[in-house]
file entry-v9.tsv (TSV, C-alpha atoms)
chain	number	residue	atom	x	y	z
A	1067	MET	CA	-25.14	77.90	-28.93
A	1068	SER	CA	-24.03	78.67	-25.37
A	1069	LYS	CA	-22.98	75.10	-24.53
A	1070	LYS	CA	-21.19	74.79	-27.86
A	1071	ARG	CA	-19.49	78.11	-27.26
A	1072	GLU	CA	-18.24	76.99	-23.88
A	1073	SER	CA	-16.86	73.76	-25.31
A	1074	TYR	CA	-15.42	75.69	-28.23
A	1075	PHE	CA	-13.33	78.05	-26.12
A	1076	ASP	CA	-12.21	75.31	-23.74
A	1077	ASN	CA	-11.18	73.22	-26.74
A	1078	ALA	CA	-9.22	76.15	-28.13
A	1079	LYS	CA	-7.46	76.81	-24.83
A	1080	PHE	CA	-6.41	73.19	-24.38
A	1081	ILE	CA	-5.05	72.90	-27.92
A	1082	LEU	CA	-3.19	76.18	-27.47
A	1083	ILE	CA	-1.61	75.20	-24.16
A	1084	PHE	CA	-0.46	71.95	-25.75
A	1085	LEU	CA	1.17	74.00	-28.53
A	1086	VAL	CA	2.84	76.22	-25.92
A	1087	VAL	CA	4.33	73.17	-24.20
A	1088	PHE	CA	5.32	71.63	-27.54
A	1089	GLY	CA	6.93	74.88	-28.67
A	1090	HIS	CA	9.06	75.02	-25.52
A	1091	PHE	CA	10.12	71.38	-25.90
A	1092	ILE	CA	11.23	71.82	-29.51
A	1093	SER	CA	12.89	75.22	-28.95
A	1094	PRO	CA	16.37	73.80	-28.18
A	1095	HIS	CA	16.23	71.71	-31.39
A	1096	LYS	CA	14.60	74.18	-33.77
A	1097	GLY	CA	17.91	74.82	-35.51
A	1098	ASP	CA	18.61	71.10	-36.09
A	1099	SER	CA	15.91	70.51	-38.64
A	1100	GLU	CA	14.28	72.65	-41.32
A	1101	ALA	CA	10.93	70.99	-40.65
A	1102	LEU	CA	11.21	71.54	-36.90
A	1103	TYR	CA	12.20	75.17	-37.45
A	1104	THR	CA	9.11	75.59	-39.65
A	1105	VAL	CA	6.85	74.02	-37.01
A	1106	TYR	CA	8.31	76.30	-34.34
A	1107	ASN	CA	7.79	79.50	-36.33
A	1108	PHE	CA	4.37	78.41	-37.53
A	1109	ILE	CA	2.90	77.75	-34.09
A	1110	TYR	CA	4.53	80.87	-32.65
A	1111	THR	CA	2.63	82.92	-35.24
A	1112	PHE	CA	-0.69	82.18	-33.58
A	1113	HIS	CA	-0.55	80.21	-30.33
A	1114	MET	CA	0.05	83.18	-28.00
A	1115	PRO	CA	-1.96	85.67	-30.13
A	1116	ALA	CA	-4.92	83.25	-29.96
A	1117	PHE	CA	-4.55	82.95	-26.17
A	1118	ILE	CA	-4.41	86.74	-25.92
A	1119	LEU	CA	-7.43	87.14	-28.20
A	1120	ILE	CA	-9.46	84.79	-26.00
A	1121	GLY	CA	-8.30	86.67	-22.90
A	1122	GLY	CA	-9.52	89.91	-24.41
A	1123	PHE	CA	-12.85	88.34	-25.40
A	1124	PHE	CA	-13.51	87.32	-21.81
A	1125	SER	CA	-12.59	90.75	-20.45
A	1126	LYS	CA	-15.95	92.28	-21.31
A	1127	GLY	CA	-16.87	92.54	-17.64
A	1128	ILE	CA	-13.98	94.88	-16.97
A	1129	MET	CA	-16.27	97.72	-15.84
A	1130	LYS	CA	-17.92	95.54	-13.21
A	1131	LYS	CA	-17.10	96.17	-9.58
A	1132	GLY	CA	-14.31	93.96	-8.29
A	1133	TYR	CA	-13.11	92.90	-11.74
A	1134	LEU	CA	-9.57	94.29	-11.41
A	1135	LYS	CA	-9.34	92.98	-7.86
A	1136	LYS	CA	-10.10	89.52	-9.21
A	1137	ILE	CA	-7.43	89.94	-11.92
A	1138	VAL	CA	-4.86	90.88	-9.28
A	1139	ARG	CA	-5.80	87.93	-7.08
A	1140	ASN	CA	-5.96	85.32	-9.86
A	1141	ILE	CA	-3.03	86.49	-12.00
A	1142	LEU	CA	-0.71	88.94	-10.27
A	1143	ILE	CA	-0.33	86.99	-7.02
A	1144	PRO	CA	0.59	83.73	-8.85
A	1145	TYR	CA	3.01	85.81	-10.92
A	1146	PHE	CA	4.85	87.02	-7.80
A	1147	ILE	CA	4.90	83.52	-6.30
A	1148	PHE	CA	6.38	81.91	-9.42
A	1149	GLN	CA	8.74	84.82	-10.02
A	1150	LEU	CA	10.18	84.12	-6.57
A	1151	ILE	CA	10.39	80.37	-7.28
A	1152	TYR	CA	12.25	80.99	-10.54
A	1153	PHE	CA	14.58	83.39	-8.76
A	1154	VAL	CA	15.49	80.73	-6.19
A	1155	LEU	CA	16.03	78.08	-8.88
A	1156	HIS	CA	18.15	80.42	-11.00
A	1157	ARG	CA	20.17	81.31	-7.90
A	1158	ILE	CA	20.82	77.60	-7.36
A	1159	TRP	CA	21.67	76.93	-11.02
A	1160	ASN	CA	23.58	80.09	-11.90
A	1161	GLY	CA	25.00	81.30	-8.61
A	1162	LYS	CA	24.67	85.08	-8.52
A	1163	GLU	CA	21.17	86.21	-9.35
A	1164	THR	CA	19.35	89.44	-8.50
A	1165	LEU	CA	15.65	89.33	-7.71
A	1166	THR	CA	13.71	91.67	-9.98
A	1167	LEU	CA	10.00	91.47	-9.36
A	1168	PHE	CA	8.97	93.15	-12.60
A	1169	ASP	CA	11.41	91.58	-15.05
A	1170	PRO	CA	9.53	88.33	-15.62
A	1171	TYR	CA	11.34	85.05	-15.95
A	1172	TRP	CA	10.66	83.19	-19.18
A	1173	THR	CA	6.92	82.31	-19.51
A	1174	LEU	CA	5.80	84.62	-16.71
A	1175	TRP	CA	5.67	87.61	-19.07
A	1176	PHE	CA	2.17	86.57	-20.10
A	1177	LEU	CA	0.78	86.97	-16.58
A	1178	LEU	CA	2.27	90.40	-16.06
A	1179	SER	CA	1.14	91.52	-19.52
A	1180	MET	CA	-2.38	90.21	-18.86
A	1181	VAL	CA	-2.68	92.54	-15.87
A	1182	LEU	CA	-1.31	95.47	-17.88
A	1183	TRP	CA	-3.60	94.72	-20.86
A	1184	ASN	CA	-6.61	94.99	-18.58
A	1185	ILE	CA	-5.38	98.30	-17.21
A	1186	LEU	CA	-4.77	99.59	-20.75
A	1187	LEU	CA	-8.23	98.40	-21.74
A	1188	LEU	CA	-9.78	100.57	-19.02
A	1189	LEU	CA	-8.08	103.58	-20.62
A	1190	PHE	CA	-8.95	102.63	-24.19
A	1191	ILE	CA	-12.63	102.11	-23.43
A	1192	LYS	CA	-12.84	105.87	-22.93
A	1193	LEU	CA	-12.10	106.34	-26.64
A	1194	LYS	CA	-15.50	104.69	-27.28
A	1195	HIS	CA	-15.15	104.17	-31.03
A	1196	PRO	CA	-13.75	100.69	-31.86
A	1197	ALA	CA	-11.95	101.86	-35.01
A	1198	VAL	CA	-10.22	104.68	-33.12
A	1199	MET	CA	-9.30	102.30	-30.29
A	1200	MET	CA	-7.71	99.82	-32.71
A	1201	ILE	CA	-5.84	102.47	-34.73
A	1202	VAL	CA	-4.35	103.97	-31.55
A	1203	ALA	CA	-3.43	100.51	-30.22
A	1204	LEU	CA	-1.75	99.52	-33.49
A	1205	THR	CA	0.11	102.82	-33.61
A	1206	ILE	CA	1.46	102.26	-30.09
A	1207	GLY	CA	2.36	98.67	-30.97
A	1208	VAL	CA	4.27	99.79	-34.07
A	1209	PHE	CA	6.10	102.70	-32.46
A	1210	ALA	CA	6.99	100.78	-29.28
A	1211	GLY	CA	9.71	99.09	-31.29
A	1212	TYR	CA	11.46	102.41	-31.84
A	1213	ILE	CA	12.15	102.71	-28.10
A	1214	GLN	CA	15.71	101.43	-27.86
A	1215	ASP	CA	15.60	100.22	-24.26
A	1216	ILE	CA	12.17	98.60	-24.42
A	1217	GLY	CA	12.34	94.92	-23.63
A	1218	THR	CA	11.45	92.46	-20.90
A	1219	TYR	CA	11.22	94.84	-17.92
A	1220	PHE	CA	7.53	95.06	-16.97
A	1221	SER	CA	7.11	92.99	-20.16
A	1222	LEU	CA	6.64	96.37	-21.86
A	1223	SER	CA	7.54	95.34	-25.40
A	1224	ARG	CA	5.16	92.39	-25.50
A	1225	THR	CA	2.51	94.32	-23.61
A	1226	PHE	CA	2.38	97.10	-26.20
A	1227	VAL	CA	2.94	94.92	-29.27
A	1228	PHE	CA	0.29	92.35	-28.35
A	1229	PHE	CA	-2.24	94.78	-26.89
A	1230	PRO	CA	-4.04	95.25	-30.26
A	1231	VAL	CA	-4.69	91.49	-30.20
A	1232	PHE	CA	-6.14	91.69	-26.69
A	1233	LEU	CA	-8.21	94.72	-27.67
A	1234	GLY	CA	-9.41	92.89	-30.78
A	1235	GLY	CA	-10.65	90.04	-28.60
A	1236	TYR	CA	-12.51	92.50	-26.39
A	1237	LEU	CA	-14.18	94.07	-29.43
A	1238	LEU	CA	-15.27	90.74	-30.91
A	1239	ARG	CA	-18.82	89.52	-30.38
A	1240	LYS	CA	-20.40	86.06	-30.40
A	1241	GLU	CA	-21.69	86.55	-33.92
A	1242	HIS	CA	-18.15	87.09	-35.20
A	1243	PHE	CA	-17.13	83.63	-34.02
A	1244	SER	CA	-20.35	82.18	-35.41
A	1245	THR	CA	-19.33	83.59	-38.79
A	1246	ILE	CA	-15.85	82.04	-38.89
A	1247	LEU	CA	-17.22	78.69	-37.69
A	1248	ARG	CA	-19.38	78.20	-40.79
A	1249	PRO	CA	-18.37	75.03	-42.70
A	1250	GLU	CA	-17.12	76.89	-45.77
A	1251	LYS	CA	-15.02	79.21	-43.60
A	1252	ARG	CA	-13.52	76.26	-41.73
A	1253	ILE	CA	-12.44	74.62	-44.98
A	1254	ALA	CA	-10.89	77.87	-46.19
A	1255	ALA	CA	-9.15	78.34	-42.84
A	1256	GLY	CA	-7.64	74.87	-43.00
A	1257	MET	CA	-6.31	75.58	-46.49
A	1258	ILE	CA	-4.85	78.89	-45.32
A	1259	LEU	CA	-3.00	77.20	-42.45
A	1260	VAL	CA	-1.60	74.52	-44.73
A	1261	GLY	CA	-0.55	77.20	-47.23
A	1262	MET	CA	1.12	79.24	-44.48
A	1263	PHE	CA	3.02	76.20	-43.20
A	1264	VAL	CA	4.33	75.34	-46.67
A	1265	SER	CA	5.25	78.99	-47.26
A	1266	TYR	CA	7.11	79.10	-43.96
A	1267	TYR	CA	9.12	76.04	-44.94
A	1268	PHE	CA	10.36	77.59	-48.17
A	1269	TYR	CA	10.34	81.33	-47.56
A	1270	PHE	CA	10.33	82.23	-43.84
A	1271	PRO	CA	13.57	84.15	-43.19
A	1272	GLN	CA	15.77	83.09	-40.27
A	1273	GLU	CA	15.83	86.58	-38.73
A	1274	ALA	CA	12.02	86.86	-38.74
A	1275	LYS	CA	11.73	84.46	-35.79
A	1276	ASP	CA	12.46	87.18	-33.22
A	1277	TRP	CA	9.68	89.34	-34.64
A	1278	LEU	CA	7.16	86.72	-33.54
A	1279	LEU	CA	8.41	86.93	-29.95
A	1280	ALA	CA	7.81	90.72	-29.86
A	1281	SER	CA	10.29	91.21	-27.03
A	1282	SER	CA	12.95	93.36	-28.73
A	1283	SER	CA	13.35	96.85	-30.13
A	1284	TYR	CA	13.85	97.36	-33.86
A	1285	GLU	CA	17.49	98.23	-33.23
A	1286	GLU	CA	18.02	94.91	-31.45
A	1287	LEU	CA	16.27	93.15	-34.33
A	1288	GLY	CA	18.81	94.67	-36.69
A	1289	VAL	CA	16.37	96.17	-39.17
A	1290	GLN	CA	16.47	99.58	-40.80
A	1291	LEU	CA	14.19	101.89	-38.85
A	1292	GLY	CA	12.51	103.14	-42.02
A	1293	GLN	CA	11.35	99.60	-42.83
A	1294	ALA	CA	10.54	98.50	-39.27
A	1295	TRP	CA	6.97	99.84	-39.15
A	1296	PHE	CA	6.08	98.00	-42.35
A	1297	ILE	CA	7.52	94.70	-41.11
A	1298	ARG	CA	5.61	94.98	-37.83
A	1299	LEU	CA	2.36	95.65	-39.68
A	1300	LEU	CA	3.12	92.64	-41.88
A	1301	MET	CA	3.62	90.52	-38.77
A	1302	TYR	CA	0.30	91.77	-37.39
A	1303	GLY	CA	-1.31	90.65	-40.63
A	1304	LEU	CA	0.29	87.20	-40.46
A	1305	MET	CA	-0.71	86.80	-36.81
A	1306	ALA	CA	-4.31	87.82	-37.53
A	1307	LEU	CA	-4.58	85.48	-40.52
A	1308	ALA	CA	-3.12	82.51	-38.65
A	1309	THR	CA	-5.04	83.23	-35.42
A	1310	PHE	CA	-8.47	83.51	-37.00
A	1311	SER	CA	-7.75	80.50	-39.23
A	1312	PHE	CA	-6.86	78.48	-36.14
A	1313	MET	CA	-9.98	79.66	-34.29
A	1314	ALA	CA	-12.07	78.64	-37.30
A	1315	ILE	CA	-10.94	74.99	-37.21
A	1316	VAL	CA	-11.28	74.48	-33.46
A	1317	PRO	CA	-14.02	71.88	-32.82
A	1318	ARG	CA	-17.24	73.20	-31.32
A	1319	ARG	CA	-18.50	69.97	-29.82
A	1320	LYS	CA	-17.47	68.54	-26.47
A	1321	MET	CA	-14.26	66.54	-26.76
A	1322	PHE	CA	-12.45	64.21	-24.36
A	1323	PHE	CA	-10.10	67.10	-23.47
A	1324	THR	CA	-12.68	69.90	-23.28
A	1325	HIS	CA	-12.83	70.02	-19.48
A	1326	LEU	CA	-9.04	70.33	-19.36
A	1327	GLY	CA	-9.31	73.67	-21.13
A	1328	THR	CA	-10.30	75.19	-17.79
A	1329	ARG	CA	-6.93	74.22	-16.30
A	1330	THR	CA	-4.54	75.92	-18.71
A	1331	LEU	CA	-3.11	78.27	-16.07
A	1332	TYR	CA	-1.77	75.26	-14.17
A	1333	VAL	CA	-0.14	73.81	-17.27
A	1334	TYR	CA	1.29	77.19	-18.24
A	1335	LEU	CA	2.85	77.85	-14.84
A	1336	LEU	CA	4.12	74.33	-14.14
A	1337	HIS	CA	5.38	73.03	-17.47
A	1338	GLY	CA	8.45	75.29	-17.42
A	1339	PHE	CA	9.94	73.31	-14.53
A	1340	ILE	CA	9.55	70.04	-16.43
A	1341	VAL	CA	11.05	71.54	-19.59
A	1342	LYS	CA	14.04	72.79	-17.60
A	1343	LEU	CA	14.53	69.37	-15.98
A	1344	PHE	CA	14.68	67.75	-19.40
A	1345	GLU	CA	17.16	70.40	-20.54
A	1346	LEU	CA	19.43	69.54	-17.61
A	1347	SER	CA	19.24	65.80	-18.40
A	1348	PRO	CA	20.86	63.88	-21.31
A	1349	PHE	CA	17.40	63.60	-22.91
A	1350	TYR	CA	17.83	66.37	-25.48
A	1351	ASP	CA	21.21	65.03	-26.57
A	1352	LEU	CA	19.68	61.60	-27.14
A	1353	VAL	CA	16.82	63.08	-29.15
A	1354	GLY	CA	19.23	65.13	-31.23
A	1355	GLU	CA	21.41	62.09	-31.94
A	1356	SER	CA	18.44	59.94	-32.96
A	1357	GLY	CA	16.68	62.67	-34.94
A	1358	ASN	CA	13.35	61.28	-33.73
A	1359	TYR	CA	11.64	64.58	-32.96
A	1360	PHE	CA	8.21	62.96	-32.80
A	1361	VAL	CA	9.24	61.99	-29.27
A	1362	LEU	CA	8.95	65.67	-28.37
A	1363	LEU	CA	5.40	65.77	-29.72
A	1364	ALA	CA	4.41	62.76	-27.60
A	1365	LEU	CA	6.22	64.17	-24.58
A	1366	ALA	CA	4.41	67.51	-24.90
A	1367	ALA	CA	1.05	65.73	-25.03
A	1368	ILE	CA	1.88	63.61	-21.97
A	1369	VAL	CA	3.13	66.59	-19.96
A	1370	THR	CA	0.08	68.69	-20.89
A	1371	LEU	CA	-2.36	65.94	-19.90
A	1372	PHE	CA	-0.38	65.20	-16.73
A	1373	LEU	CA	-0.28	68.80	-15.52
A	1374	ALA	CA	-3.99	69.26	-16.26
A	1375	SER	CA	-4.91	66.12	-14.30
A	1376	LYS	CA	-6.92	66.34	-11.11
A	1377	PRO	CA	-4.16	65.10	-8.75
A	1378	ILE	CA	-1.79	67.81	-9.99
A	1379	ILE	CA	-4.52	70.45	-9.70
A	1380	THR	CA	-5.17	69.34	-6.10
A	1381	LEU	CA	-1.48	69.52	-5.21
A	1382	ALA	CA	-0.78	72.83	-6.95
A	1383	GLN	CA	-3.98	74.68	-6.06
A	1384	PRO	CA	-2.66	76.06	-2.76
A	1385	LEU	CA	0.29	77.54	-4.65
A	1386	ILE	CA	-1.58	78.89	-7.67
A	1387	GLU	CA	-5.01	79.75	-6.29
A	1388	LEU	CA	-4.06	80.01	-2.60
A	1389	LYS	CA	-6.77	77.56	-1.63
A	1390	THR	CA	-7.28	73.83	-1.22
A	1391	HIS	CA	-10.08	71.43	-2.10
A	1392	LEU	CA	-10.41	70.58	1.61
A	1393	LEU	CA	-10.95	74.23	2.46
A	1394	GLN	CA	-13.45	74.55	-0.38
A	1395	ARG	CA	-15.42	71.54	0.82
A	1396	TYR	CA	-15.39	72.91	4.38
A	1397	MET	CA	-16.63	76.32	3.23
A	1398	ASN	CA	-19.30	74.73	1.04
A	1399	LYS	CA	-20.47	72.62	3.99
A	1400	LYS	CA	-20.63	75.66	6.29
A	1401	THR	CA	-22.58	77.55	3.66
A	1402	ALA	CA	-25.01	74.67	3.30
A	1403	ASP	CA	-25.42	74.45	7.10
A	1404	VAL	CA	-26.21	78.15	7.31
A	1405	SER	CA	-28.73	78.04	4.47
call {"tool": "encode", "arguments": {"input": "entry-v9.tsv", "output": "structure tokens"}}
result
Amino acid sequence: MSKKRESYFDNAKFILIFLVVFGHFISPHKGDSEALYTVYNFIYTFHMPAFILIGGFFSKGIMKKGYLKKIVRNILIPYFIFQLIYFVLHRIWNGKETLTLFDPYWTLWFLLSMVLWNILLLLFIKLKHPAVMMIVALTIGVFAGYIQDIGTYFSLSRTFVFFPVFLGGYLLRKEHFSTILRPEKRIAAGMILVGMFVSYYFYFPQEAKDWLLASSSYEELGVQLGQAWFIRLLMYGLMALATFSFMAIVPRRKMFFTHLGTRTLYVYLLHGFIVKLFELSPFYDLVGESGNYFVLLALAAIVTLFLASKPIITLAQPLIELKTHLLQRYMNKKTADVS
């Protein structure tokens, strides 16, 4: 089971990072086509929640010595580096721009929230009882929307709203995934996803899109405060249904892309620059004029595979992991010499 489990999660992470890239490529065109708008809303219902769930699942060693130090080194430092890069680029593109370290640019919210989710998890573990932990987390997630000024600073809105998902991943055990991966559950999950997609096409309201992003207060979302809590709970239900259905259909066996699932951080951090370059070019206008949106699907696949390739990893590793393959080989050789 262990080898299958490893392949399973790497498969899930690669598929999810492809959906992230695809979602960002289709975002400028989501209003041009009903089908494209449906695809956008559908994948946004589960692609980040599933990533967050997996992150929570692999946070079980949080009480081990050095765990938070590792989180800071692997996540927070790359966040600061790329926050600075985005600041410089925005300064070039937009002229006046103020550097704010804790108001994340675009995709960087996930990194800052990941650090904060781990810190919150340390506090929630003290509650001991899983049911109490989840009820408190959901309550915070629901009532966070009532804070008028909550938003992107410190990624507070997304941190609180998505924390129950992260906590849920932490509380899950191997046997839970074994249960949803049974053949009959996989078939049911596939049918649920198809049903959700069709329902989204016919019934998903235009204004509901911003609820999936979880970055705004209820007042900004323009909903009556007396109804807001119910809508957020409904969105939690949709996210849970779509996320677990997706996790149920992920292949368990080793695939041609399985090993690339270990490189999702590189794709996540680097794809934004490519997306922005395409936005600045005539490419999107040409796609819009032709109406051939399948080009975006192919482009997302190419970009995902390209950014997860070994040459890109080698080039970007000093920036993202603050180390190089040459240094690694040198250190490995010195270690071997000593032993």
call {"tool": "residues_near_point", "arguments": {"input": "entry-v9.tsv", "point": "(11.6, 99.3, -32.4)", "cutoff": "8 Å", "atoms": "all atoms listed in the file", "output": "list in words"}}
result
Val1208, Phe1209, Ala1210, Gly1211, Tyr1212, Ile1213, Gln1214, Ser1282, Ser1283, Tyr1284, Glu1285, Glu1286, Leu1287, Leu1291 and Ala1294 of chain A
call {"tool": "closest_residue", "arguments": {"input": "entry-v9.tsv", "among": "A:Leu1178, A:Leu1346, A:Leu1186, A:Leu1150", "to": "Tyr1219 of chain A", "atoms": "all atoms listed in the file"}}
result
A:Leu1178
call {"tool": "residues_around", "arguments": {"input": "entry-v9.tsv", "residues": "Val1316 of chain A", "least_positions_apart": "3", "cutoff": "12 Å", "atoms": "only C-alpha atoms", "output": "PyMOL selection string"}}
result
chain A and resi 1070-1071+1073-1082+1116+1243+1246-1249+1251-1253+1255-1256+1309-1313+1319-1321+1324
call {"tool": "closest_residue", "arguments": {"input": "entry-v9.tsv", "among": "A:Leu1188, A:Leu1371, A:Val1333, A:Met1200", "to": "Thr1173 of chain A", "atoms": "all atoms listed in the file"}}
result
A:Val1333
call {"tool": "atom_distance", "arguments": {"input": "entry-v9.tsv", "atom1": "atom CA of Met1305 of chain A", "atom2": "atom CA of Phe1232 of chain A"}}
result
12.5 Å
call {"tool": "closest_residue", "arguments": {"input": "entry-v9.tsv", "among": "A:Lys1342, A:Lys1275, A:Arg1224, A:Arg1318", "to": "Tyr1106 of chain A", "atoms": "all atoms listed in the file"}}
result
A:Lys1275
call {"tool": "axis_aligned_box", "arguments": {"input": "entry-v9.tsv", "around": "segment 1097-1114 of chain A", "padding_each_side": "3 Å", "output": "AutoDock Vina command-line options"}}
result
--center_x 9.0 --center_y 76.8 --center_z -34.7 --size_x 25.3 --size_y 18.7 --size_z 19.3
call {"tool": "residues_near_point", "arguments": {"input": "entry-v9.tsv", "point": "(-15.1, 89.3, -28.8)", "cutoff": "9 Å", "atoms": "all atoms listed in the file", "output": "list in words"}}
result
Leu1119, Ile1120, Gly1122, Phe1123, Phe1124, Ser1125, Lys1126, Leu1233, Gly1234, Gly1235, Tyr1236, Leu1237, Leu1238, Arg1239, Lys1240, Glu1241, His1242 and Phe1243 of chain A
call {"tool": "residues_around", "arguments": {"input": "entry-v9.tsv", "residues": "Val1341 of chain A", "least_positions_apart": "6", "cutoff": "9 Å", "atoms": "only C-alpha atoms", "output": "list in words"}}
result
Val1087, His1090 and Phe1091 of chain A
call {"tool": "closest_residue", "arguments": {"input": "entry-v9.tsv", "among": "A:Ile1315, A:Met1180, A:Leu1187, A:Ile1379", "to": "Ile1118 of chain A", "atoms": "all atoms listed in the file"}}
result
A:Met1180
